[in-house]
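Trainee: Sharing model_11.tsv (TSV, C-alpha atoms and all ligand atoms) below.
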chain	number	residue	atom	x	y	z
A	1	MET	CA	-10.59	150.04	183.73
A	2	THR	CA	-7.02	151.22	183.00
A	3	ALA	CA	-5.58	150.26	179.62
A	4	ALA	CA	-2.66	147.79	179.58
A	5	PRO	CA	0.70	149.50	178.98
A	6	ASP	CA	1.71	149.63	175.32
A	7	PRO	CA	4.58	147.09	175.04
A	8	PHE	CA	6.12	149.10	172.21
A	9	ARG	CA	6.70	152.04	174.57
A	10	LEU	CA	9.53	152.68	177.02
A	11	ASP	CA	7.80	155.05	179.43
A	12	GLY	CA	10.15	156.00	182.25
A	13	ALA	CA	13.00	153.77	181.01
A	14	ARG	CA	16.56	155.00	181.45
A	15	ALA	CA	18.56	154.50	178.26
A	16	LEU	CA	22.17	155.05	177.23
A	17	VAL	CA	22.74	155.50	173.48
A	18	THR	CA	26.33	155.68	172.21
A	19	GLY	CA	27.18	157.26	168.89
A	20	ALA	CA	24.19	159.52	169.52
A	21	SER	CA	25.65	162.62	167.84
A	22	ARG	CA	24.50	161.72	164.32
A	23	GLY	CA	23.24	159.03	161.96
A	24	ILE	CA	21.62	155.89	163.33
A	25	GLY	CA	22.45	156.72	166.96
A	26	LYS	CA	20.84	160.15	166.81
A	27	ALA	CA	17.69	158.71	165.20
A	28	THR	CA	17.61	155.94	167.84
A	29	ALA	CA	17.91	158.40	170.72
A	30	VAL	CA	14.99	160.40	169.34
A	31	ALA	CA	12.90	157.24	168.76
A	32	LEU	CA	13.51	156.08	172.33
A	33	ALA	CA	12.64	159.51	173.73
A	34	ARG	CA	9.41	159.65	171.72
A	35	ALA	CA	8.60	156.23	173.20
A	36	GLY	CA	8.98	157.69	176.69
A	37	ALA	CA	12.60	157.00	177.70
A	38	ASP	CA	15.03	159.38	179.36
A	39	LEU	CA	18.40	159.42	177.63
A	40	ALA	CA	22.10	159.55	178.34
A	41	LEU	CA	23.80	160.50	175.07
A	42	SER	CA	27.39	159.64	174.24
A	43	ALA	CA	29.87	160.38	171.42
A	44	ARG	CA	33.04	162.46	171.14
A	45	THR	CA	31.41	165.66	169.85
A	46	SER	CA	29.53	167.53	172.57
A	47	THR	CA	28.19	170.22	170.23
A	48	ALA	CA	26.44	167.60	168.10
A	49	LEU	CA	25.22	165.76	171.21
A	50	LYS	CA	23.54	168.99	172.32
A	51	GLU	CA	21.51	168.97	169.10
A	52	THR	CA	20.34	165.42	169.84
A	53	ALA	CA	19.60	166.44	173.43
A	54	ALA	CA	17.37	169.27	172.17
A	55	LEU	CA	15.35	166.75	170.13
A	56	VAL	CA	15.03	164.46	173.17
A	57	GLU	CA	13.81	167.39	175.25
A	58	ASP	CA	11.35	168.37	172.48
A	59	ALA	CA	9.88	164.90	173.00
A	60	GLY	CA	9.37	165.79	176.66
A	61	ARG	CA	12.18	163.63	178.06
A	62	THR	CA	15.43	164.25	179.94
A	63	ALA	CA	18.77	164.18	178.13
A	64	ALA	CA	22.15	163.92	179.90
A	65	LEU	CA	25.39	164.30	177.96
A	66	VAL	CA	28.10	161.72	178.70
A	67	PRO	CA	30.74	162.45	176.04
A	68	GLY	CA	33.87	160.36	175.57
A	69	ASP	CA	36.24	158.78	173.07
A	70	LEU	CA	35.57	155.05	173.18
A	71	ALA	CA	38.94	154.34	171.53
A	72	GLU	CA	40.57	155.30	174.83
A	73	PRO	CA	40.89	152.64	177.53
A	74	GLY	CA	38.70	153.28	180.56
A	75	VAL	CA	36.33	155.69	178.80
A	76	ALA	CA	33.53	153.15	178.19
A	77	GLU	CA	33.40	152.48	181.94
A	78	GLU	CA	33.25	156.22	182.70
A	79	VAL	CA	30.47	156.72	180.15
A	80	VAL	CA	28.38	153.93	181.66
A	81	ASP	CA	28.85	155.14	185.24
A	82	GLU	CA	28.13	158.77	184.35
A	83	ALA	CA	24.99	157.69	182.48
A	84	ALA	CA	23.78	155.60	185.42
A	85	THR	CA	24.43	158.47	187.83
A	86	ALA	CA	22.66	161.02	185.61
A	87	LEU	CA	19.60	158.82	185.09
A	88	ASP	CA	19.65	157.10	188.51
A	89	GLY	CA	20.12	153.68	186.92
A	90	LEU	CA	20.03	152.08	183.49
A	91	ASP	CA	17.42	149.86	181.82
A	92	VAL	CA	18.45	150.06	178.17
A	93	ILE	CA	21.79	150.26	176.40
A	94	VAL	CA	21.95	150.86	172.67
A	95	HIS	CA	25.65	150.63	171.95
A	96	ASN	CA	25.79	152.07	168.48
A	97	ALA	CA	29.11	153.95	168.19
A	98	GLY	CA	31.22	152.38	165.47
A	99	VAL	CA	33.81	153.21	162.82
A	100	LEU	CA	35.26	152.14	159.51
A	101	PRO	CA	39.02	152.54	159.11
A	102	SER	CA	39.36	156.16	158.00
A	103	GLN	CA	41.79	158.86	156.96
A	104	GLU	CA	42.23	162.07	158.98
A	105	ASP	CA	39.42	163.77	157.02
A	106	GLY	CA	37.02	160.89	157.75
A	107	THR	CA	37.17	159.30	154.29
A	108	PRO	CA	37.05	155.51	154.76
A	109	THR	CA	40.19	153.56	153.90
A	110	LEU	CA	38.78	150.64	151.97
A	111	VAL	CA	41.73	148.48	150.96
A	112	PRO	CA	42.22	144.70	150.92
A	113	LEU	CA	43.66	143.24	154.12
A	114	GLN	CA	47.04	142.60	152.47
A	115	ASP	CA	47.39	146.34	151.75
A	116	SER	CA	46.04	147.57	155.08
A	117	GLN	CA	47.82	148.87	158.18
A	118	GLN	CA	47.81	147.12	161.54
A	119	ALA	CA	47.12	150.52	163.18
A	120	ASP	CA	43.82	150.77	161.26
A	121	TRP	CA	42.86	147.26	162.37
A	122	ASP	CA	43.67	148.14	165.99
A	123	HIS	CA	41.61	151.34	165.94
A	124	VAL	CA	38.56	149.61	164.46
A	125	MET	CA	38.82	146.85	167.06
A	126	ALA	CA	39.32	149.36	169.89
A	127	VAL	CA	36.12	151.26	169.07
A	128	ASN	CA	33.91	148.52	167.63
A	129	LEU	CA	34.87	145.56	169.79
A	130	ASN	CA	36.98	146.43	172.85
A	131	ALA	CA	34.68	149.28	173.83
A	132	THR	CA	31.66	146.98	173.36
A	133	ALA	CA	33.10	144.47	175.81
A	134	ALA	CA	34.11	147.18	178.30
A	135	LEU	CA	30.73	148.86	178.07
A	136	CYS	CA	28.80	145.61	178.58
A	137	ARG	CA	31.08	144.56	181.44
A	138	ARG	CA	30.47	147.84	183.26
A	139	ALA	CA	26.76	148.03	182.41
A	140	HIS	CA	26.05	144.63	183.94
A	141	ARG	CA	26.06	145.97	187.52
A	142	HIS	CA	23.47	148.58	186.59
A	143	LEU	CA	21.30	146.33	184.42
A	144	THR	CA	20.93	143.66	187.10
A	145	ALA	CA	19.09	146.26	189.18
A	146	SER	CA	16.55	146.85	186.37
A	147	SER	CA	13.31	144.94	185.85
A	148	ARG	CA	13.36	145.58	182.08
A	149	ALA	CA	17.00	145.37	181.05
A	150	SER	CA	17.82	145.21	177.37
A	151	VAL	CA	21.07	145.66	175.46
A	152	VAL	CA	21.15	146.32	171.72
A	153	LEU	CA	24.54	146.09	170.02
A	154	MET	CA	24.63	147.88	166.66
A	155	SER	CA	26.42	145.30	164.55
A	156	SER	CA	26.09	145.18	160.76
A	157	LEU	CA	25.27	143.14	157.70
A	158	ALA	CA	29.07	143.11	157.50
A	159	GLY	CA	29.04	140.84	160.54
A	160	VAL	CA	27.17	138.10	158.68
A	161	ALA	CA	28.39	138.61	155.08
A	162	GLY	CA	31.80	138.67	153.45
A	163	THR	CA	33.24	142.18	153.40
A	164	PRO	CA	36.26	142.47	151.10
A	165	ARG	CA	38.14	145.74	151.73
A	166	MET	CA	36.42	146.02	155.11
A	167	GLU	CA	37.90	142.96	156.82
A	168	ALA	CA	38.58	144.62	160.19
A	169	TYR	CA	35.10	146.15	160.22
A	170	GLY	CA	33.44	142.84	159.30
A	171	ALA	CA	35.44	140.91	161.90
A	172	SER	CA	34.57	143.43	164.62
A	173	LYS	CA	30.88	143.30	163.72
A	174	ALA	CA	30.84	139.47	163.66
A	175	ALA	CA	32.49	139.51	167.10
A	176	GLN	CA	29.74	141.80	168.40
A	177	ILE	CA	27.18	139.21	167.30
A	178	ALA	CA	29.11	136.44	169.08
A	179	LEU	CA	29.29	138.61	172.20
A	180	ALA	CA	25.55	139.34	172.06
A	181	ARG	CA	24.81	135.62	171.86
A	182	SER	CA	27.12	134.71	174.75
A	183	LEU	CA	25.85	137.50	176.99
A	184	ALA	CA	22.22	136.74	176.12
A	185	VAL	CA	22.61	133.20	177.40
A	186	GLY	CA	24.83	134.12	180.33
A	187	TRP	CA	22.61	136.96	181.53
A	188	ALA	CA	19.18	135.51	180.67
A	189	ARG	CA	18.40	134.32	184.20
A	190	GLN	CA	19.42	137.75	185.48
A	191	GLY	CA	16.64	139.27	183.41
A	192	ILE	CA	18.88	140.96	180.86
A	193	ARG	CA	18.14	140.53	177.15
A	194	VAL	CA	20.96	141.11	174.65
A	195	ASN	CA	20.55	141.29	170.88
A	196	ALA	CA	22.56	142.44	167.90
A	197	LEU	CA	21.02	144.56	165.15
A	198	CYS	CA	22.59	144.21	161.71
A	199	PRO	CA	21.70	147.06	159.34
A	200	GLY	CA	22.54	146.99	155.68
A	201	TRP	CA	23.41	150.07	153.62
A	202	THR	CA	22.08	153.06	155.54
A	203	ARG	CA	22.35	156.70	154.50
A	204	THR	CA	24.61	158.35	157.11
A	205	ASP	CA	27.95	160.16	157.28
A	206	MET	CA	29.65	156.75	157.41
A	207	THR	CA	28.36	155.84	153.95
A	208	ALA	CA	28.46	159.29	152.30
A	209	PHE	CA	31.46	158.10	150.27
A	210	ALA	CA	29.20	155.52	148.62
A	211	TYR	CA	25.73	157.06	148.28
A	212	SER	CA	27.18	160.29	146.87
A	213	LEU	CA	28.97	158.42	144.06
A	214	ALA	CA	26.36	157.44	141.49
A	215	PRO	CA	28.10	154.39	139.95
A	216	LEU	CA	28.88	152.93	143.36
A	217	SER	CA	25.48	153.75	144.84
A	218	ASP	CA	23.68	152.31	141.80
A	219	TRP	CA	25.77	149.14	142.02
A	220	LEU	CA	25.08	148.73	145.75
A	221	THR	CA	21.34	149.37	145.58
A	222	ALA	CA	21.04	147.01	142.61
A	223	HIS	CA	21.95	144.30	145.13
A	224	VAL	CA	19.28	145.43	147.59
A	225	PRO	CA	15.97	143.72	146.73
A	226	LEU	CA	14.07	146.73	148.15
A	227	GLY	CA	16.16	148.78	145.71
A	228	ARG	CA	17.25	151.69	147.90
A	229	TRP	CA	19.29	152.86	150.89
A	230	ALA	CA	17.83	152.58	154.40
A	231	GLU	CA	17.20	155.79	156.30
A	232	PRO	CA	18.52	156.00	159.90
A	233	GLU	CA	14.96	156.24	161.25
A	234	GLU	CA	14.17	152.81	159.76
A	235	ILE	CA	16.99	151.29	161.81
A	236	ALA	CA	16.03	153.30	164.90
A	237	ARG	CA	12.49	151.87	164.91
A	238	VAL	CA	13.83	148.32	165.07
A	239	ALA	CA	16.34	149.27	167.78
A	240	LEU	CA	13.39	150.64	169.76
A	241	PHE	CA	11.49	147.40	169.23
A	242	LEU	CA	14.44	145.31	170.48
A	243	ALA	CA	14.82	147.55	173.53
A	244	SER	CA	11.10	147.51	174.36
A	245	PRO	CA	8.92	145.01	176.23
A	246	ALA	CA	7.41	144.12	172.83
A	247	ALA	CA	10.56	142.02	172.33
A	248	SER	CA	10.39	140.46	175.82
A	249	TYR	CA	10.95	136.90	174.51
A	250	LEU	CA	13.67	137.88	172.05
A	251	THR	CA	17.28	137.47	173.12
A	252	GLY	CA	20.57	136.32	171.64
A	253	GLN	CA	19.53	137.14	168.08
A	254	ALA	CA	21.29	138.92	165.25
A	255	LEU	CA	18.43	140.72	163.51
A	256	VAL	CA	19.43	141.53	159.94
A	257	LEU	CA	17.75	144.68	158.61
A	258	ASP	CA	19.12	144.99	155.09
A	259	GLY	CA	16.29	145.39	152.58
A	260	GLY	CA	16.79	141.76	151.60
A	261	VAL	CA	20.49	141.87	150.63
A	262	SER	CA	21.28	138.73	152.60
A	263	VAL	CA	18.45	136.70	151.04
A	264	PRO	CA	19.88	134.67	148.15
A	265	ASP	CA	17.57	134.85	145.13
A	266	GLY	CA	19.73	132.75	142.84
A	267	GLY	CA	19.10	135.37	140.17
A	268	LEU	CA	15.43	134.35	139.95
A	269	ALA	CA	14.13	137.81	140.80
A	270	GLY	CA	15.65	139.07	137.56
A	271	ILE	CA	16.80	142.35	139.09
A	272	PRO	CA	19.20	143.90	136.54
A	273	LYS	CA	22.72	144.64	137.80
A	274	PRO	CA	24.79	147.51	136.35
A	275	PRO	CA	28.45	146.90	135.50
A	276	SER	CA	30.57	146.55	138.63
A	277	PRO	CA	32.62	149.63	139.58
A	278	PHE	CA	35.06	147.12	141.08
A	279	ALA	CA	35.70	145.33	137.76
A	280	ALA	CA	39.36	145.34	136.80
A	301	LIG	N1	25.52	153.40	157.88
A	301	LIG	C1	25.50	152.11	157.56
A	301	LIG	O1	25.30	151.71	156.40
A	301	LIG	C2	25.67	151.07	158.64
A	301	LIG	C3	25.38	149.75	158.30
A	301	LIG	C4	25.53	148.77	159.27
A	301	LIG	C5	25.93	149.11	160.54
A	301	LIG	N2	26.22	150.39	160.85
A	301	LIG	C6	26.66	150.67	162.22
A	301	LIG	O2	25.77	151.57	162.83
A	301	LIG	C7	26.47	152.35	163.79
A	301	LIG	C8	26.20	153.82	163.51
A	301	LIG	O3	26.70	154.10	162.22
A	301	LIG	P1	26.31	155.41	161.40
A	301	LIG	O4	26.15	154.96	160.02
A	301	LIG	O5	25.23	156.16	162.08
A	301	LIG	O6	27.71	156.15	161.50
A	301	LIG	P2	28.12	157.67	161.69
A	301	LIG	O7	27.12	158.58	161.09
A	301	LIG	O8	29.53	157.75	161.24
A	301	LIG	O9	28.05	157.83	163.27
A	301	LIG	C9	28.95	157.15	164.09
A	301	LIG	C10	28.69	157.55	165.53
A	301	LIG	O10	29.71	156.94	166.36
A	301	LIG	C11	30.38	157.97	167.10
A	301	LIG	N3	31.79	157.62	167.24
A	301	LIG	C12	32.70	157.39	166.26
A	301	LIG	N4	33.90	157.14	166.77
A	301	LIG	C13	33.76	157.22	168.12
A	301	LIG	C14	34.66	157.10	169.20
A	301	LIG	N5	35.97	156.84	169.01
A	301	LIG	N6	34.19	157.24	170.46
A	301	LIG	C15	32.88	157.53	170.67
A	301	LIG	N7	31.97	157.66	169.68
A	301	LIG	C16	32.42	157.52	168.42
A	301	LIG	C17	30.21	159.23	166.24
A	301	LIG	O11	30.25	160.39	167.03
A	301	LIG	P3	31.52	161.35	167.16
A	301	LIG	O12	32.18	161.43	165.81
A	301	LIG	O13	30.95	162.63	167.62
A	301	LIG	O14	32.37	160.70	168.19
A	301	LIG	C18	28.78	159.05	165.73
A	301	LIG	O15	27.84	159.45	166.71
A	301	LIG	C19	27.94	151.95	163.68
A	301	LIG	O16	28.26	151.01	164.68
A	301	LIG	C20	28.02	151.30	162.32
A	301	LIG	O17	29.06	150.37	162.24
A	301	LIG	C21	26.09	151.39	159.92
How does this structure look as structure tokens?

Mentor:
Amino acid sequence: MTAAPDPFRLDGARALVTGASRGIGKATAVALARAGADLALSARTSTALKETAALVEDAGRTAALVPGDLAEPGVAEEVVDEAATALDGLDVIVHNAGVLPSQEDGTPTLVPLQDSQQADWDHVMAVNLNATAALCRRAHRHLTASSRASVVLMSSLAGVAGTPRMEAYGASKAAQIALARSLAVGWARQGIRVNALCPGWTRTDMTAFAYSLAPLSDWLTAHVPLGRWAEPEEIARVALFLASPAASYLTGQALVLDGGVSVPDGGLAGIPKPPSPFAA
């Protein structure tokens, strides 16, 4: 008797992961490959994508590079089509590429909305929201041909919580959740599941400004009931779950993965809080 396929695996699936050059996207690409998927890897930096590709190949799977700048109109469509051509179709999309408003050197620009620049807002929306819509629009034609289609949009805790000094980011991430819900319902009878994944504070390049500053990091983790930063691999495992047949009845959800930040405890847990670095 042959064993039933493991629903937590993705053997033979064809998956596009954006933002796969580092952080959560790199960890997700590796997790999907170890679960048996072949990968198309996208980001702007081809050298870093090659490092992810080597890890995918170490797991015994194929990796195709489909680089591109998702801030540029038309690039999301090219990335999707190149991925589908390289893999001969698409079953899984993990659209993970995302940005905070940043200076030239990559340092995030965290200022209140009233002090922010419209150009920063536009860039965040171009990458985090417009590219999400363009990518999903283009992917639809490929996903309808799949018998196990799943889309995971990497949103954020910022999409469900107030985010002072990160208003553009929070608005873009909330919009991704709304898009996931609409597409999940619209595409359900076409066999395509769509979910949003909402990580909390995760240790990547994006958050280096915070975890490398002790007062800020201590303040942030004091508000995490689990008391620490997430590692990218902890987010990747849940992205894999959402993409896999194990989540076959799960669609249209915003799965918050934040160590408990969003659970109100009313102070009853008695977790001590250090003085706020934001206090005037
Ligand atoms: N870290 C956290 O605490 C956290 C929490 C919640 C949600 N998230 C979300 O998780 C996702 C991954 O974040 P991360 O923390 O892993 O960030 P990261 O380390 O900064 O990685 C961001 C990824 O997006 C790619 N990217 C950035 N701008 C791009 C563009 N214009 N076109 C194409 N690709 C682009 C980057 O590659 P290149 O630079 O090579 O293009 C990189 O692969 C993001 O959507 C983020 O909003 C992160």

Trainee: What's around region 238-240 of chain A at 7 Å? Count all atoms listed in the file, leave out sequence neighbours fewer than 5 positions away in its own chain, and write the answer as a PyMOL selection string.

Mentor: chain A and resi 28+31-32+152

Trainee: Find the residues near region 153-161 of chain A: any atom within 8 Å, counting only C-alpha atoms, skip ones fewer than 4 places away on the same chain, and give them as a ChimeraX atom specification.

Mentor: /A:94-97,132,169-177,180,194-200,256-258,262

Trainee: Taking all atoms listed in the file into account, which residues have an atom no farther than 6 Å from ligand LIG 301 (chain A)? I'd like them as a PyMOL selection string.

Mentor: chain A and resi 19-25+43-45+68-71+96-99+127+154-157+198-207

Trainee: Keeping only C-alpha atoms, write those residues as a PDB file, keeping the file's coordinate frame.

Mentor:
ATOM      1  CA  GLY A  19      27.180 157.260 168.890  1.00  0.00           C
ATOM      2  CA  ALA A  20      24.190 159.520 169.520  1.00  0.00           C
ATOM      3  CA  SER A  21      25.650 162.620 167.840  1.00  0.00           C
ATOM      4  CA  ARG A  22      24.500 161.720 164.320  1.00  0.00           C
ATOM      5  CA  GLY A  23      23.240 159.030 161.960  1.00  0.00           C
ATOM      6  CA  ILE A  24      21.620 155.890 163.330  1.00  0.00           C
ATOM      7  CA  GLY A  25      22.450 156.720 166.960  1.00  0.00           C
ATOM      8  CA  ALA A  43      29.870 160.380 171.420  1.00  0.00           C
ATOM      9  CA  ARG A  44      33.040 162.460 171.140  1.00  0.00           C
ATOM     10  CA  THR A  45      31.410 165.660 169.850  1.00  0.00           C
ATOM     11  CA  GLY A  68      33.870 160.360 175.570  1.00  0.00           C
ATOM     12  CA  ASP A  69      36.240 158.780 173.070  1.00  0.00           C
ATOM     13  CA  LEU A  70      35.570 155.050 173.180  1.00  0.00           C
ATOM     14  CA  ALA A  71      38.940 154.340 171.530  1.00  0.00           C
ATOM     15  CA  ASN A  96      25.790 152.070 168.480  1.00  0.00           C
ATOM     16  CA  ALA A  97      29.110 153.950 168.190  1.00  0.00           C
ATOM     17  CA  GLY A  98      31.220 152.380 165.470  1.00  0.00           C
ATOM     18  CA  VAL A  99      33.810 153.210 162.820  1.00  0.00           C
ATOM     19  CA  VAL A 127      36.120 151.260 169.070  1.00  0.00           C
ATOM     20  CA  MET A 154      24.630 147.880 166.660  1.00  0.00           C
ATOM     21  CA  SER A 155      26.420 145.300 164.550  1.00  0.00           C
ATOM     22  CA  SER A 156      26.090 145.180 160.760  1.00  0.00           C
ATOM     23  CA  LEU A 157      25.270 143.140 157.700  1.00  0.00           C
ATOM     24  CA  CYS A 198      22.590 144.210 161.710  1.00  0.00           C
ATOM     25  CA  PRO A 199      21.700 147.060 159.340  1.00  0.00           C
ATOM     26  CA  GLY A 200      22.540 146.990 155.680  1.00  0.00           C
ATOM     27  CA  TRP A 201      23.410 150.070 153.620  1.00  0.00           C
ATOM     28  CA  THR A 202      22.080 153.060 155.540  1.00  0.00           C
ATOM     29  CA  ARG A 203      22.350 156.700 154.500  1.00  0.00           C
ATOM     30  CA  THR A 204      24.610 158.350 157.110  1.00  0.00           C
ATOM     31  CA  ASP A 205      27.950 160.160 157.280  1.00  0.00           C
ATOM     32  CA  MET A 206      29.650 156.750 157.410  1.00  0.00           C
ATOM     33  CA  THR A 207      28.360 155.840 153.950  1.00  0.00           C
TER      34      THR A 207
END

Trainee: Hey, can you check how far CA of His223 (chain A) sits from CA of Val261 (chain A)?

Mentor: 6.2 Å

Trainee: Expressed in Å to a single decimal, how great is the separation between CA of Leu39 (chain A) and CA of Arg193 (chain A)?

Mentor: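 Computing it gives 18.9 Å between the two atoms.
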
Trainee: Restricting the calculation to all atoms listed in the file, which member of A:Ser244, A:Gln103, A:Asn130, A:Thr221 is positioned closest to Ala76 (chain A)?

Mentor: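 For Ala76 (chain A), the nearest of the candidates is A:Asn130.
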
Trainee: Write out as a PyMOL selection string each polymer residue whose atoms come within 12 Å of Val151 (chain A), counting only C-alpha atoms; drop sequence neighbours fewer than 6 positions from it.

Mentor: chain A and resi 14-18+90-96+132+135-137+139-140+142-144+176+179-181+183-184+187-188+191-197+239-244+247-248+250-253

Trainee: Which distance in Å separates CA of Pro7 (chain A) and CA of Arg34 (chain A), to one decimal?

Mentor: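 Those two atoms sit 13.9 Å apart.
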
Trainee: Smallest atom-to-atom distance to Ala83 (chain A): which of A:Pro274, A:Gly266, A:Pro101, A:Pro67, using only C-alpha atoms?

Mentor: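 The closest residue to Ala83 (chain A) is A:Pro67.
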
Trainee: Which is closer to Pro108 (chain A) than all the others in A:Met166, A:Leu10, A:Ala48, A:Val75, using only C-alpha atoms?

Mentor: A:Met166

Trainee: Ala59 (chain A): which residues within 12 Å, counting all atoms listed in the file, same-chain residues fewer than 6 positions away excluded, as an MDAnalysis selection string?

Mentor: chainID A and resid 11 29:39 52:53

Trainee: Just to be explicit: take each residue in the selection above, keep C-alpha atoms, and write the result as a short mmCIF file (atom, residue, chain, number, x, y, z; two decimals), in the frame of the given file.

Mentor:
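Dumped to again.cif:
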data_model
loop_
_atom_site.label_atom_id
_atom_site.label_comp_id
_atom_site.auth_asym_id
_atom_site.auth_seq_id
_atom_site.Cartn_x
_atom_site.Cartn_y
_atom_site.Cartn_z
CA ASP A 11 7.80 155.05 179.43
CA ALA A 29 17.91 158.40 170.72
CA VAL A 30 14.99 160.40 169.34
CA ALA A 31 12.90 157.24 168.76
CA LEU A 32 13.51 156.08 172.33
CA ALA A 33 12.64 159.51 173.73
CA ARG A 34 9.41 159.65 171.72
CA ALA A 35 8.60 156.23 173.20
CA GLY A 36 8.98 157.69 176.69
CA ALA A 37 12.60 157.00 177.70
CA ASP A 38 15.03 159.38 179.36
CA LEU A 39 18.40 159.42 177.63
CA THR A 52 20.34 165.42 169.84
CA ALA A 53 19.60 166.44 173.43
#

Trainee: Restricting the calculation to only C-alpha atoms: of A:Val185, A:Val80, A:Leu41, A:Ala3, which residue gets closest to Val56 (chain A)?

Mentor: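 Once distances to Val56 (chain A) are computed over only C-alpha atoms, the minimum belongs to A:Leu41.
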
Trainee: Using all atoms listed in the file, find the one residue out of A:Ala246, A:Ala84, A:Ala133, A:Leu55 that sits nearest to Ser150 (chain A).

Mentor: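 For Ser150 (chain A), the nearest of the candidates is A:Ala246.
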
Trainee: Calculated over only C-alpha atoms, which of the candidates A:Leu216, A:Ala64, A:Val79, A:Ala254 has the smallest distance to Ala131 (chain A)?

Mentor: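 Nearest candidate to Ala131 (chain A) out of A:Leu216, A:Ala64, A:Val79, A:Ala254: A:Val79.
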